[in-house]
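Reading through the structure tokens given below for one structure.
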Protein chains: 2
Amino acid sequence: MTVAASRTLANDTAARIVAAADVLYYARGFQAVGMDEVRSAAGVSLKKLYQEFPSKEALVLAVLEARHEMWESGVTSAVSHAANARDGLLAIYDYLSSWFSDESFRGCGFINAFGELGTVFPSVAEMAREHKESFQRDVAALVARAGADASLAPQLALLAEGAQTTAAISGSAESARHARAAAEVLIEAALAR
Amino acid sequence: MTVAASRTLANDTAARIVAAADVLYYARGFQAVGMDEVRSAAGVSLKKLYQEFPSKEALVLAVLEARHEMWESGVTSAVSHAANARDGLLAIYDYLSSWFSDESFRGCGFINAFGELGTVFPSVAEMAREHKESFQRDVAALVARAGADASLAPQLALLAEGAQTTAAISGSAESARHARAAAEVLIEAALAR
DNA sequence: TGACTTTGAGAACGAACGTTCTCTAGATTG
DNA sequence: CAATCTAGAGAACGTTCGTTCTCAAAGTCA
């Protein structure tokens with residue numbers, strides 16, 4: 001077996017483990033899902049699992065990393081289909097709306113991870129912080145492109161954050177509509193100034 | 001010992017247990033704190049602990065109940081010192097700001113509980129839902145008193161929710177300022193219509 | 001083929017947790 | 001005082017979990 005092939009195989013295995021763990025962790029919480037259940041869902045031996053991820057903490061971090069990339073590419077894709085920066089900002093809330101409508105939606109995985117593991121694994125808290133900062137930067141870039149004052153960005157981000165937790169707890173996707181409506185008012189006011 | 005005295009004693013004991021558990025649960029998470037640690041912090045025997053709360057689930061629910069009442073009275077007090085309904089709405093964000101500045105602040109306890117225990121204890125998920133609905137009603141009542149359209153209420157609530165999670169993860173209280181600034185714009189726009 | 005390495009299945013281990021049980025010392029009551 | 005009840009301290013129990021270890025089967029290569 002060539003080096004390239006073995007690396008691909010290893011990545012495939014790791015990706016399969018991460019995908020299985022992500023579904024379980026997100027649906028039921030990190031502490032409620034044991035390594036043995038991940039092993040079973042991923043169809044892999046416990047030895048291989050610990051070979052790819054030397055501890056549960058490492059696996060959790062890999063899952064969050066993958067989740068961050070999924071989020072980032074989802075937002076980027078939604079924004080890129082908009083005609084201009086203003087519509088791009090609003091597209092974020094449409095993206096949220098479709099996410100909230102997904103049957104498996106259970107809030108922001110990073111907020112959940114922060115609350116559950118933030119104190120026991122500081123690395124998890126830091127990863128959540130990085131994820132949120134990354135989103136803030138994305139919004140700030142769009143706000144700048146739209147020609148609005150920079151203070152608009154954290155306000156729009158707050159609406160997105162609030163919509164996520166509200167949708168999770170209420171079980172309804174309507175918070176995305178409310179967030180979008182509020183964002184429209186804030187953007188209009190910022191552009192009129 | 002009279003019936004009244006024994007009831008008071010029982011309530012004192014229960015309140016002490018709840019207060020100790022609240023501090024521990026909020027600071028470190030529910031699953032990270034065992035019954036024995038609660039027992040030790042409350043200075044009570046394990047037998048008495050289980051006599052007051054027959055299970056950890058019951059204790060968690062009592063802690064959330066107490067947290068809800070603290071939140072409710074804090075908001076009510078902050079709002080009541082405002083000159084009018086509009087200022088009352090803004091006072092909510094000032095209240096959040098002072099809460100975020102507290103060293104022990106670690107996000108909304110209900111959001112944390114929902115993420116950590118929502119799937120294993122449906123009663124916890126329902127309690128979080130009730131808490132958030134209660135807040136929505138409070139905001140809606142203020143919005144009505146201010147004479148603004150009812151659609152403003154969920155928008156203002158989203159800002160408050162977003163500020164809480166953002167403050168928790170970022171470790172900064174500035175999200176309360178951003179939320180307040182956005183709320184001012186939304187309220188002004190709603191009243192001008 | 002035959003020696004050696006790798007792998008998978010799952011048993012095993014040590015720790016932690018929620019909950020219950022035991023035992024003893026002190027309080028209560030007739 | 002003697003008999004009975006209560007309550008506290010913590011041992012014990014059964015389970016779960018993260019992690020490691022065992023052992024036999026399969027694969028590799030000279």
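Residues are named by chain letter and number: chains run A, B, ... in the order of the structure tokens, numbers start at 1 in each chain, and ligands are numbered from 1 in the order shown.
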Close residues, C:DA3 itself excluded, 12 Å, only C-alpha atoms (C1' of nucleotides), min 6 positions apart in chain, as a PyMOL selection string:
chain D and resi 28-30
Output as a list of chain:residue names the set of chain B residues within 9 Å of chain D, with distances taken over only C-alpha atoms (C1' of nucleotides).
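So the residues of chain B near chain D are B:Val44, B:Ser45, B:Leu46, B:Lys47, B:Lys48.
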Near chain A, meaning an atom within 7 Å, which residues of chain B appear when counting only C-alpha atoms? Write them as a ChimeraX atom specification.
/B:28-29,112,115-116,119,128-129,154-155,158-159,161-163,169-170,178-179,182,185-186
Give the residues of chain B that lie within 8 Å of chain C; count only C-alpha atoms (C1' of nucleotides), and format the answer as a CSV table (one decimal) with C-alpha atoms, in the first residue's frame.
chain,number,residue,atom,x,y,z
B,34,GLY,CA,-22.0,14.8,42.1
B,35,MET,CA,-24.6,14.5,44.8
B,56,LYS,CA,-30.8,14.5,41.2
Could you write out chain B as a short mmCIF file (atom, residue, chain, number, x, y, z; two decimals) with C-alpha atoms, in the first residue's frame once it has been least-squares superposed on chain A using every ordered C-alpha pair?
data_model
loop_
_atom_site.label_atom_id
_atom_site.label_comp_id
_atom_site.auth_asym_id
_atom_site.auth_seq_id
_atom_site.Cartn_x
_atom_site.Cartn_y
_atom_site.Cartn_z
CA MET B 1 0.02 0.02 -0.11
CA THR B 2 1.40 3.40 -1.01
CA VAL B 3 1.87 6.20 1.48
CA ALA B 4 -0.79 8.29 -0.25
CA ALA B 5 -3.30 5.45 -0.16
CA SER B 6 -2.71 4.73 3.50
CA ARG B 7 -3.10 8.39 4.33
CA THR B 8 -6.37 8.53 2.43
CA LEU B 9 -7.63 5.47 4.24
CA ALA B 10 -6.66 6.96 7.57
CA ASN B 11 -8.45 10.18 6.71
CA ASP B 12 -11.52 8.28 5.59
CA THR B 13 -11.59 6.38 8.85
CA ALA B 14 -11.08 9.54 10.88
CA ALA B 15 -13.78 11.32 8.91
CA ARG B 16 -16.20 8.47 9.42
CA ILE B 17 -15.55 8.48 13.15
CA VAL B 18 -15.97 12.23 13.34
CA ALA B 19 -19.21 12.12 11.34
CA ALA B 20 -20.68 9.40 13.55
CA ALA B 21 -19.57 11.12 16.75
CA ASP B 22 -20.94 14.44 15.56
CA VAL B 23 -24.42 13.03 15.02
CA LEU B 24 -24.46 11.35 18.42
CA TYR B 25 -22.91 14.21 20.37
CA TYR B 26 -25.13 16.81 18.79
CA ALA B 27 -28.30 14.82 19.31
CA ARG B 28 -27.73 13.70 22.89
CA GLY B 29 -24.88 15.72 24.37
CA PHE B 30 -21.22 14.93 24.83
CA GLN B 31 -21.28 13.33 28.24
CA ALA B 32 -24.30 11.20 27.40
CA VAL B 33 -22.46 9.42 24.57
CA GLY B 34 -19.65 7.05 25.43
CA MET B 35 -16.67 6.02 23.35
CA ASP B 36 -18.16 2.58 22.87
CA GLU B 37 -21.26 3.98 21.25
CA VAL B 38 -19.14 6.07 18.92
CA ARG B 39 -17.10 3.00 18.07
CA SER B 40 -20.23 1.05 17.28
CA ALA B 41 -21.81 3.81 15.17
CA ALA B 42 -18.59 4.34 13.23
CA GLY B 43 -18.16 0.61 12.67
CA VAL B 44 -14.60 0.60 13.87
CA SER B 45 -12.63 -1.12 16.57
CA LEU B 46 -11.86 0.55 19.86
CA LYS B 47 -8.19 0.19 19.11
CA LYS B 48 -8.52 2.04 15.83
CA LEU B 49 -10.66 4.70 17.46
CA TYR B 50 -7.99 5.43 20.06
CA GLN B 51 -5.36 5.23 17.36
CA GLU B 52 -7.02 8.07 15.45
CA PHE B 53 -8.07 10.07 18.51
CA PRO B 54 -6.00 9.45 21.62
CA SER B 55 -8.72 10.69 23.97
CA LYS B 56 -12.33 11.73 24.06
CA GLU B 57 -11.21 15.33 24.33
CA ALA B 58 -9.33 14.99 21.04
CA LEU B 59 -12.38 13.48 19.38
CA VAL B 60 -14.64 16.24 20.68
CA LEU B 61 -12.24 18.87 19.33
CA ALA B 62 -12.18 17.16 15.94
CA VAL B 63 -15.98 17.08 15.89
CA LEU B 64 -16.14 20.79 16.71
CA GLU B 65 -13.54 21.51 14.04
CA ALA B 66 -15.65 19.71 11.45
CA ARG B 67 -18.78 21.48 12.65
CA HIS B 68 -17.06 24.82 12.29
CA GLU B 69 -16.10 24.06 8.71
CA MET B 70 -19.64 22.96 7.85
CA TRP B 71 -21.03 26.16 9.33
CA GLU B 72 -18.46 28.31 7.61
CA SER B 73 -19.08 26.78 4.19
CA GLY B 74 -22.84 26.94 4.67
CA VAL B 75 -22.78 30.62 5.51
CA THR B 76 -20.31 31.41 2.77
CA SER B 77 -22.45 29.61 0.22
CA ALA B 78 -25.65 31.34 1.35
CA VAL B 79 -24.01 34.74 1.29
CA SER B 80 -22.36 34.22 -2.08
CA HIS B 81 -25.72 33.76 -3.79
CA ALA B 82 -26.87 37.22 -2.76
CA ALA B 83 -26.80 40.14 -5.18
CA ASN B 84 -24.98 42.49 -2.83
CA ALA B 85 -23.54 42.81 0.65
CA ARG B 86 -26.81 43.99 2.18
CA ASP B 87 -28.67 40.98 0.82
CA GLY B 88 -25.75 38.83 1.86
CA LEU B 89 -26.27 39.89 5.47
CA LEU B 90 -29.95 39.02 5.25
CA ALA B 91 -29.13 35.70 3.61
CA ILE B 92 -27.52 34.66 6.89
CA TYR B 93 -30.93 34.61 8.54
CA ASP B 94 -32.43 32.63 5.69
CA TYR B 95 -29.65 30.12 6.15
CA LEU B 96 -30.47 29.98 9.86
CA SER B 97 -34.14 29.49 9.06
CA SER B 98 -33.50 26.44 6.92
CA TRP B 99 -31.14 25.04 9.56
CA PHE B 100 -33.73 25.54 12.32
CA SER B 101 -36.29 23.69 10.23
CA ASP B 102 -34.07 20.63 10.10
CA GLU B 103 -35.56 17.95 12.30
CA SER B 104 -32.24 17.27 13.96
CA PHE B 105 -31.64 20.90 14.91
CA ARG B 106 -30.78 21.22 18.58
CA GLY B 107 -29.12 24.62 18.88
CA CYS B 108 -25.59 25.77 18.23
CA GLY B 109 -23.20 22.92 18.87
CA PHE B 110 -20.58 25.30 20.19
CA ILE B 111 -22.89 26.89 22.72
CA ASN B 112 -23.92 23.42 23.84
CA ALA B 113 -20.31 22.30 24.06
CA PHE B 114 -19.33 25.42 25.94
CA GLY B 115 -22.02 24.91 28.55
CA GLU B 116 -21.36 21.22 28.96
CA LEU B 117 -17.58 20.95 28.66
CA GLY B 118 -16.29 24.51 28.81
CA THR B 119 -15.12 24.20 32.39
CA VAL B 120 -13.80 20.63 32.27
CA PHE B 121 -12.01 21.10 28.92
CA PRO B 122 -10.64 24.64 28.48
CA SER B 123 -9.73 23.70 24.92
CA VAL B 124 -13.43 23.34 24.16
CA ALA B 125 -14.18 26.77 25.57
CA GLU B 126 -11.41 28.25 23.45
CA MET B 127 -12.70 26.51 20.34
CA ALA B 128 -16.18 27.93 20.93
CA ARG B 129 -14.65 31.37 21.36
CA GLU B 130 -12.72 31.05 18.11
CA HIS B 131 -15.82 29.88 16.25
CA LYS B 132 -17.86 32.85 17.42
CA GLU B 133 -15.04 35.29 16.68
CA SER B 134 -14.77 33.88 13.18
CA PHE B 135 -18.48 34.52 12.64
CA GLN B 136 -18.13 38.05 13.97
CA ARG B 137 -15.34 38.66 11.46
CA ASP B 138 -17.45 37.33 8.60
CA VAL B 139 -20.32 39.62 9.51
CA ALA B 140 -17.97 42.57 9.98
CA ALA B 141 -16.54 42.04 6.50
CA LEU B 142 -20.03 42.05 4.97
CA VAL B 143 -21.01 45.14 6.95
CA ALA B 144 -17.92 46.92 5.67
CA ARG B 145 -18.70 45.87 2.10
CA ALA B 146 -22.24 47.19 2.54
CA GLY B 147 -20.79 50.54 3.56
CA ALA B 148 -22.39 50.60 7.00
CA ASP B 149 -20.83 51.61 10.29
CA ALA B 150 -18.76 48.88 11.93
CA SER B 151 -20.95 48.97 15.03
CA LEU B 152 -23.70 47.28 13.02
CA ALA B 153 -21.78 44.00 12.84
CA PRO B 154 -21.94 42.89 16.49
CA GLN B 155 -25.60 43.87 16.57
CA LEU B 156 -26.43 41.64 13.62
CA ALA B 157 -24.37 38.85 15.14
CA LEU B 158 -26.36 39.12 18.39
CA LEU B 159 -29.56 38.59 16.45
CA ALA B 160 -28.14 35.44 14.88
CA GLU B 161 -26.95 34.11 18.24
CA GLY B 162 -30.24 34.84 19.91
CA ALA B 163 -32.16 33.23 17.08
CA GLN B 164 -30.18 30.02 17.48
CA THR B 165 -30.80 29.57 21.19
CA THR B 166 -34.40 30.70 20.92
CA ALA B 167 -35.08 28.28 18.09
CA ALA B 168 -33.45 25.44 20.00
CA ILE B 169 -35.39 25.94 23.20
CA SER B 170 -38.73 26.90 21.67
CA GLY B 171 -38.51 24.21 19.01
CA SER B 172 -39.72 26.68 16.43
CA ALA B 173 -37.96 28.22 13.43
CA GLU B 174 -39.81 31.52 13.63
CA SER B 175 -37.01 33.23 15.54
CA ALA B 176 -35.11 33.36 12.23
CA ARG B 177 -37.91 35.46 10.76
CA HIS B 178 -37.86 37.82 13.72
CA ALA B 179 -34.10 38.12 13.51
CA ARG B 180 -34.27 38.87 9.82
CA ALA B 181 -36.93 41.53 10.29
CA ALA B 182 -34.89 43.20 13.03
CA ALA B 183 -31.77 43.01 10.90
CA GLU B 184 -33.53 44.78 8.04
CA VAL B 185 -34.45 47.66 10.33
CA LEU B 186 -30.92 47.90 11.76
CA ILE B 187 -29.28 47.76 8.33
CA GLU B 188 -31.65 50.38 6.90
CA ALA B 189 -31.01 52.68 9.83
CA ALA B 190 -27.23 52.20 9.56
CA LEU B 191 -27.19 52.86 5.81
CA ALA B 192 -29.42 55.94 6.13
CA ARG B 193 -27.03 57.60 8.54
#
Which of stretch 9-193 of chain B fall in helix (DSSP H, G or I), as a PyMOL selection string
chain B and resi 9-28+35-42+46-52+56-80+85-101+109-117+122-146+152-170+174-192
